[in-house]
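The structure under discussion appears below in the form of structure tokens.
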Amino acid sequence: MKPTRRDMVALAVMSSAATGAGAKAATAKGSRGHVVTSPDGRLKATIDVSGGAPKWSATYDGKPLLLPSELGLWLAEGRLLGEGAKLTGSTPESFEGDWRPAFGQSERYDQSGRQVTLHMVDPKAGIRFDIVLRVLNGAAAVRYVLTGLPKGAKLALMGERTRYRFPDTARLYASRDEGDIHVSTQAGLAPLEHPDLTGSSDKGHFADLPITVDLGNGVFGFMAESDRLHYPRCMVRAHEQGGLVTYLMRYPGRATGWGGEDDTPEEATFEIEIGQKTPWRVLLAADSAKGLIELHHVVPTLATPNQLGDVSWVKPGHAFRIMKPYSTQASLKAVDFAQKRNIAYVLFDAHWYGDGTDASDPTAPIAALDLQRVIDYAKARNIGVLVYIDRVAVTKALAEMCRLYQRWGLAGVKLGFMWEGRQSDVDFITKVVRAFGEHGMVVNLHDNLRPAGLERTLPTYLTLEGVKGNEQFPAARHHVNLAFTRPIAGPIDYTICYAQERNQTTNAHQLALAVTCYSPLTLLYWYDKPEKYEDKAWPELEWFDACPTTWDETRAIAGELGEYVIIARRKGRAWYLGALTNEMERRVDLDLGFLGQGRWTAVRYKDGDLARPANRTRVVIERQAVDAKTRLRLQLNAAGGQAIRFEPT
């Protein structure tokens with residue numbers, strides 16, 4: 001059914017209000033479907049429901065971004081909801097202004113955009129549903145909403161068909177679990193599986209979101225999901241007819257840890273209720289890879305707003321892991337180190353109770369550790385204590401643990417071996433984060449997880465893993481590619497390992513990771529004890545001491561996928577810049593126009609003379625007066641980097 005005259009009049013009024021008199025309409029109905037245009041006019045996305053199945057497509061600056069790609073939900077009986085569905089009407093809408101996150105990569109996030117909701121009915125089943133297309137500056141997103149059933153309030157699904165067809169020239173930067181980032185084509189999508197994937201994982205050549213796409217035509221895309229609530233996590237696979245298609249997980253991403261046997265039950269189907277919205281399928285677009293970095297606000301912007309109320313008590317910052325063997329005295333010494341180095345938290349990782357990765361009781365520390373004394377000692381120094389808990393322990397006594405840990409005065413928890421994939425896994429994660437947040441504790445989730453904007457919905461969710469972390473000592477190229485991929489979708493616990501003999505990068509490169517990897521809770525000195533830093537002055541550590549973990553502004557200065565990246569972030573009036581290169585030596589002239597008016601002292605933490613291996617390269621500290629017109633020459637060693645703090649004078 002075509003839109004009614006009333007629909008068209010409402011659409012025109014909304015478009016006029018959104019774009020101003022005489023401006024091009026932000027949403028429109030044409031022969032090729034409903035077109036929604038971003039406020040800046042650069043991105044145009046289309047929903048076409050005139051054929052046998054709904055399709056979406058998009059262009060950026062007039063260039064192909066997404067070729068016409070099918071949409072739909074797979075009903076449990078194997079039929080596609082959407083194929084043959086009829087349009088009963090449409091509703092346009094506009095969004096203006098910005099919103100302020102509790103903390104983030106910028107102080108304010110732009111939410112301006114245009115949206116059209118197509119009201120559909122499946123005549124065979126009598127199921128009513130909406131397809132929603134929203135377009136922001138640099139982003140298009142689509143989702144489904146169940147609006148009516150002939151009888152009952154729930155609908156059983158077995159999957160989703162949201163397809164992505166890119167031009168044949170497209171190259172994908174994708175990974176699975178904690179695997180490397182691989183470059184592939186759409187047809188050849190087959191990232192290597194991480195060796196810890198278990199027998200009960202989803203089998204096949206799947207890739208995790210997010211995925212960065214170099215379309216080969218001057219446009220760069222980025223695939224992600226947002227607002228994943230009561231719904232399975234999404235992966236993608238190559239479609240037999242070309243492009244990629246969503247795959248909803250039937251197993252946990254990696255069911256390792258105690259209780260993670262290979263017979264973990266499959267969830268082949270799941271139910272959604274009337275009124276439920278599926279997650280957004282998000283596609284970012286920019287004219288450069290670095291441009292994607294500045295779209296970091298999109299995924300949280302599309303997520304459900306804060307459901308926890310006042311979270312002003314949440315304190316982002318650095319954290320220091322207390323190393324085994326645990327003892328009270330060693331823990332107190334770690335707190336002293338944290339206080340000296342301006343670190344907000346200390347963390348007891350696995351084995352502070354029982355075995356730590358089994359069914360042991362997480363309410364009683366081991367005999368060698370007077371945990372309450374450490375908590376009280378740390379609190380007196382304005383330092384919070386975090387403790388690790390295994391997933392199995394939390395499943396047994398979540399409410400009791402929340403109350404007990406709140407009485408102890410713990411600042412938060414790190415949850416290990418968490419499962420994410422099935423609808424039940426996603427529900428459990430939401431339940432756990434909410435419970436600890438309601439008891440005044442922050443959360444760090446570990447293992448095979450992926451961001452979807454939950455940090456907006458539950459802002460005590462400070463960070464998550466879901467990455468080949470720095471504790472695995474990856475090559476410099478991995479760190480470069482990472483800046484263009486995973487952190488754009490959400491926080492990333494990257495466990496910075498400083499001055500480690502197993503690092504494949506220079507120490508200045510490791511310093512710069514504090515800027516290129518965004519995490520409100522940033523783990524530093526991952527493999528270290530305080531004693532390591534007692535033998536000499538280590539003047540370069542002042543960089544970590546001063547570097548924030550949340551930001552008022554983020555600028556992507558320069559970079560290319562696989563080659564190098566330079567990111568600058570502002571906190572207050574001070575700027576912090578991180579520059580990374582791959583295994584190639586590089587010279588870059590740095591434009592300081594982002595500084596704006598005034599004069600600054602640039603404190604530079606540079607690669608010294610080239611050494612082998614790279615981790616033996618010393619850090620050289622230099623200071624110089626600069627302003628916005630100054631051009632700095634960055635000399636980056638192979639696998640090197642540079643960190644710069646700009647202090648206003």
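In the structure tokens, chains take letters A, B, ... by order of appearance, with residues numbered from 1 within each chain and ligands from 1 in the order shown.
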
>> as an MDAnalysis selection string, please: the residues near range 279-288 of chain A (cut-off 7 Å, only C-alpha atoms, same-chain neighbours under 6 positions excluded).
In response: chainID A and resid 60 138:143 218:228

With N, CA and C atoms retained, write the just-selected residues as a tab-separated table (two decimals), in the first residue's frame.
chain	number	residue	atom	x	y	z
A	60	TYR	N	27.20	8.20	0.02
A	60	TYR	CA	27.89	9.22	0.80
A	60	TYR	C	28.64	10.13	-0.16
A	138	GLY	N	26.99	11.32	9.07
A	138	GLY	CA	27.97	10.25	9.06
A	138	GLY	C	27.46	8.90	9.49
A	139	ALA	N	26.16	8.68	9.56
A	139	ALA	CA	25.68	7.37	10.01
A	139	ALA	C	24.26	7.11	9.52
A	140	ALA	N	24.03	5.87	9.12
A	140	ALA	CA	22.69	5.38	8.84
A	140	ALA	C	22.45	4.16	9.72
A	141	ALA	N	21.23	4.03	10.23
A	141	ALA	CA	20.93	2.90	11.11
A	141	ALA	C	19.51	2.42	10.84
A	142	VAL	N	19.32	1.11	10.91
A	142	VAL	CA	18.01	0.53	10.67
A	142	VAL	C	17.69	-0.47	11.78
A	143	ARG	N	16.41	-0.53	12.15
A	143	ARG	CA	15.97	-1.49	13.15
A	143	ARG	C	14.52	-1.87	12.87
A	218	GLY	N	36.96	6.00	-2.14
A	218	GLY	CA	37.11	7.23	-1.37
A	218	GLY	C	36.17	7.32	-0.19
A	219	VAL	N	35.38	6.28	0.05
A	219	VAL	CA	34.46	6.24	1.18
A	219	VAL	C	34.89	5.11	2.12
A	220	PHE	N	34.76	5.38	3.41
A	220	PHE	CA	35.08	4.39	4.43
A	220	PHE	C	33.85	4.15	5.29
A	221	GLY	N	33.54	2.90	5.54
A	221	GLY	CA	32.37	2.54	6.32
A	221	GLY	C	32.77	1.82	7.60
A	222	PHE	N	31.78	1.67	8.47
A	222	PHE	CA	32.02	1.03	9.77
A	222	PHE	C	30.72	0.39	10.21
A	223	MET	N	30.72	-0.92	10.37
A	223	MET	CA	29.52	-1.68	10.75
A	223	MET	C	29.53	-1.95	12.25
A	224	ALA	N	28.41	-1.64	12.90
A	224	ALA	CA	28.31	-1.86	14.35
A	224	ALA	C	26.86	-2.12	14.69
A	225	GLU	N	26.61	-2.43	15.96
A	225	GLU	CA	25.23	-2.51	16.44
A	225	GLU	C	25.11	-1.67	17.70
A	226	SER	N	23.88	-1.23	17.97
A	226	SER	CA	23.61	-0.41	19.15
A	226	SER	C	22.28	-0.80	19.75
A	227	ASP	N	22.18	-0.59	21.07
A	227	ASP	CA	20.93	-0.82	21.81
A	227	ASP	C	20.52	-2.28	21.77
A	228	ARG	N	21.47	-3.15	22.04
A	228	ARG	CA	21.20	-4.59	22.08
A	228	ARG	C	20.66	-4.95	23.47

>> Taking 3 positions as the minimum chain separation for residues in the same chain, which residues sit within 12 Å of Thr430 in chain A when counting only C-alpha atoms? Answer as an NGL selection string.
In response: :A and (227-231 or 307-308 or 418-420 or 423-427 or 433-437 or 443 or 445 or 452-455 or 457-461)

Could you give me, as a Markdown table, every range 515-577 of chain A residue with an atom at most 12 Å from range 633-636 of chain A, plus its closest atom pair and distance in Å to one decimal, counting only C-alpha atoms, rows ordered by chain then number?
| residue | atom | partner | partner_atom | distance |
| --- | --- | --- | --- | --- |
| A:Glu563 | CA | A:Leu636 | CA | 11.9 |
| A:Tyr564 | CA | A:Leu636 | CA | 9.9 |
| A:Val565 | CA | A:Leu636 | CA | 11.4 |
| A:Ile566 | CA | A:Leu634 | CA | 10.5 |
| A:Leu577 | CA | A:Leu634 | CA | 11.6 |

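Using only C-alpha atoms, the smallest distance between any of A:Gly72, A:Glu160, A:Asp48, A:Lys468 and Leu118 in chain A comes from A:Asp48.
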
>> Need to verify the contact set: range 519-536 of chain A, 8 Å, only C-alpha atoms, exclusion of same-chain residues closer than 5 positions in sequence. Can you return it as a ChimeraX atom specification?
In response: /A:103-104,316-323,333-334,337,444,462-463,471,491-498,514,549-550

>> So that I can see what lies close to range 125-132 of chain A, please list as number ranges by chain the residues with an atom at most 6 Å from it, counting only C-alpha atoms and leaving out residues fewer than 5 positions away in the same chain.
In response: A: 116-120, 142-150

Give me a file of those residues, with all heavy atoms, as a short mmCIF file (atom, residue, chain, number, x, y, z; two decimals), in the first residue's frame.
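Output contents, as saved in selection.cif:
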data_model
loop_
_atom_site.label_atom_id
_atom_site.label_comp_id
_atom_site.auth_asym_id
_atom_site.auth_seq_id
_atom_site.Cartn_x
_atom_site.Cartn_y
_atom_site.Cartn_z
N VAL A 116 12.63 8.00 9.34
CA VAL A 116 11.32 7.61 8.82
C VAL A 116 11.00 6.21 9.35
O VAL A 116 11.87 5.33 9.38
CB VAL A 116 11.26 7.65 7.28
CG1 VAL A 116 12.22 6.65 6.66
CG2 VAL A 116 9.84 7.41 6.79
N THR A 117 9.77 6.05 9.84
CA THR A 117 9.29 4.76 10.31
C THR A 117 8.23 4.26 9.34
O THR A 117 7.22 4.94 9.12
CB THR A 117 8.69 4.88 11.72
OG1 THR A 117 9.70 5.35 12.62
CG2 THR A 117 8.18 3.53 12.20
N LEU A 118 8.48 3.12 8.74
CA LEU A 118 7.53 2.52 7.81
C LEU A 118 6.70 1.48 8.56
O LEU A 118 7.26 0.55 9.16
CB LEU A 118 8.27 1.86 6.64
CG LEU A 118 9.22 2.77 5.85
CD1 LEU A 118 9.76 2.02 4.65
CD2 LEU A 118 8.52 4.05 5.42
N HIS A 119 5.40 1.64 8.53
CA HIS A 119 4.49 0.74 9.22
C HIS A 119 4.08 -0.37 8.26
O HIS A 119 3.49 -0.11 7.20
CB HIS A 119 3.28 1.52 9.73
CG HIS A 119 3.64 2.75 10.51
ND1 HIS A 119 4.35 2.70 11.69
CD2 HIS A 119 3.43 4.08 10.26
CE1 HIS A 119 4.54 3.92 12.15
NE2 HIS A 119 3.99 4.77 11.29
N MET A 120 4.37 -1.60 8.63
CA MET A 120 4.21 -2.74 7.74
C MET A 120 3.26 -3.78 8.35
O MET A 120 3.12 -3.88 9.58
CB MET A 120 5.57 -3.41 7.49
CG MET A 120 6.70 -2.47 7.09
SD MET A 120 6.48 -1.74 5.46
CE MET A 120 6.62 -3.20 4.42
N VAL A 142 19.32 1.11 10.91
CA VAL A 142 18.01 0.53 10.67
C VAL A 142 17.69 -0.47 11.78
O VAL A 142 18.58 -1.13 12.33
CB VAL A 142 17.96 -0.16 9.28
CG1 VAL A 142 18.88 -1.37 9.24
CG2 VAL A 142 16.54 -0.54 8.90
N ARG A 143 16.41 -0.53 12.15
CA ARG A 143 15.97 -1.49 13.15
C ARG A 143 14.52 -1.87 12.87
O ARG A 143 13.83 -1.23 12.07
CB ARG A 143 16.10 -0.92 14.57
CG ARG A 143 15.03 0.09 14.94
CD ARG A 143 15.20 0.77 16.29
NE ARG A 143 15.78 -0.01 17.35
CZ ARG A 143 16.08 0.49 18.56
NH1 ARG A 143 15.82 1.78 18.82
NH2 ARG A 143 16.63 -0.26 19.48
N TYR A 144 14.04 -2.89 13.57
CA TYR A 144 12.67 -3.37 13.44
C TYR A 144 11.96 -3.20 14.79
O TYR A 144 12.58 -3.29 15.85
CB TYR A 144 12.63 -4.84 13.04
CG TYR A 144 13.58 -5.21 11.92
CD1 TYR A 144 14.90 -5.59 12.19
CD2 TYR A 144 13.17 -5.19 10.60
CE1 TYR A 144 15.77 -5.93 11.17
CE2 TYR A 144 14.03 -5.53 9.57
CZ TYR A 144 15.34 -5.90 9.86
OH TYR A 144 16.20 -6.24 8.85
N VAL A 145 10.65 -2.98 14.75
CA VAL A 145 9.84 -2.88 15.96
C VAL A 145 8.60 -3.75 15.77
O VAL A 145 7.88 -3.59 14.78
CB VAL A 145 9.41 -1.43 16.26
CG1 VAL A 145 8.65 -1.36 17.58
CG2 VAL A 145 10.62 -0.49 16.28
N LEU A 146 8.35 -4.67 16.69
CA LEU A 146 7.15 -5.49 16.63
C LEU A 146 5.98 -4.69 17.20
O LEU A 146 6.03 -4.25 18.36
CB LEU A 146 7.36 -6.78 17.44
CG LEU A 146 6.18 -7.75 17.48
CD1 LEU A 146 5.86 -8.27 16.08
CD2 LEU A 146 6.49 -8.91 18.42
N THR A 147 4.95 -4.48 16.41
CA THR A 147 3.85 -3.62 16.84
C THR A 147 2.51 -4.34 17.01
O THR A 147 1.61 -3.79 17.63
CB THR A 147 3.65 -2.45 15.85
OG1 THR A 147 3.38 -2.99 14.54
CG2 THR A 147 4.90 -1.58 15.80
N GLY A 148 2.35 -5.55 16.48
CA GLY A 148 1.08 -6.22 16.64
C GLY A 148 1.11 -7.67 16.22
O GLY A 148 1.79 -8.04 15.25
N LEU A 149 0.37 -8.52 16.96
CA LEU A 149 0.25 -9.94 16.65
C LEU A 149 -1.23 -10.31 16.66
O LEU A 149 -2.03 -9.74 17.42
CB LEU A 149 1.00 -10.79 17.68
CG LEU A 149 2.52 -10.63 17.74
CD1 LEU A 149 3.08 -11.38 18.94
CD2 LEU A 149 3.16 -11.14 16.45
N PRO A 150 -1.62 -11.29 15.85
CA PRO A 150 -3.04 -11.68 15.83
C PRO A 150 -3.52 -12.24 17.15
O PRO A 150 -4.65 -12.05 17.55
CB PRO A 150 -3.11 -12.70 14.70
CG PRO A 150 -1.71 -13.19 14.54
CD PRO A 150 -0.83 -12.04 14.89
#

> Smallest atom-to-atom distance to Thr630 in chain A: which of A:Thr328, A:Asn615, A:Thr601, A:Thr506, using only C-alpha atoms?
Replying inline: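 Checking each candidate against Thr630 in chain A, we get A:Thr601 as the closest.
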
>> Please identify the alpha helix (DSSP H) residues within range 194-375 of chain A (assignment by DSSP from backbone atoms) and present them as an MDAnalysis selection string.
In response: chainID A and resid 289:293 298:301 328:340 371:375
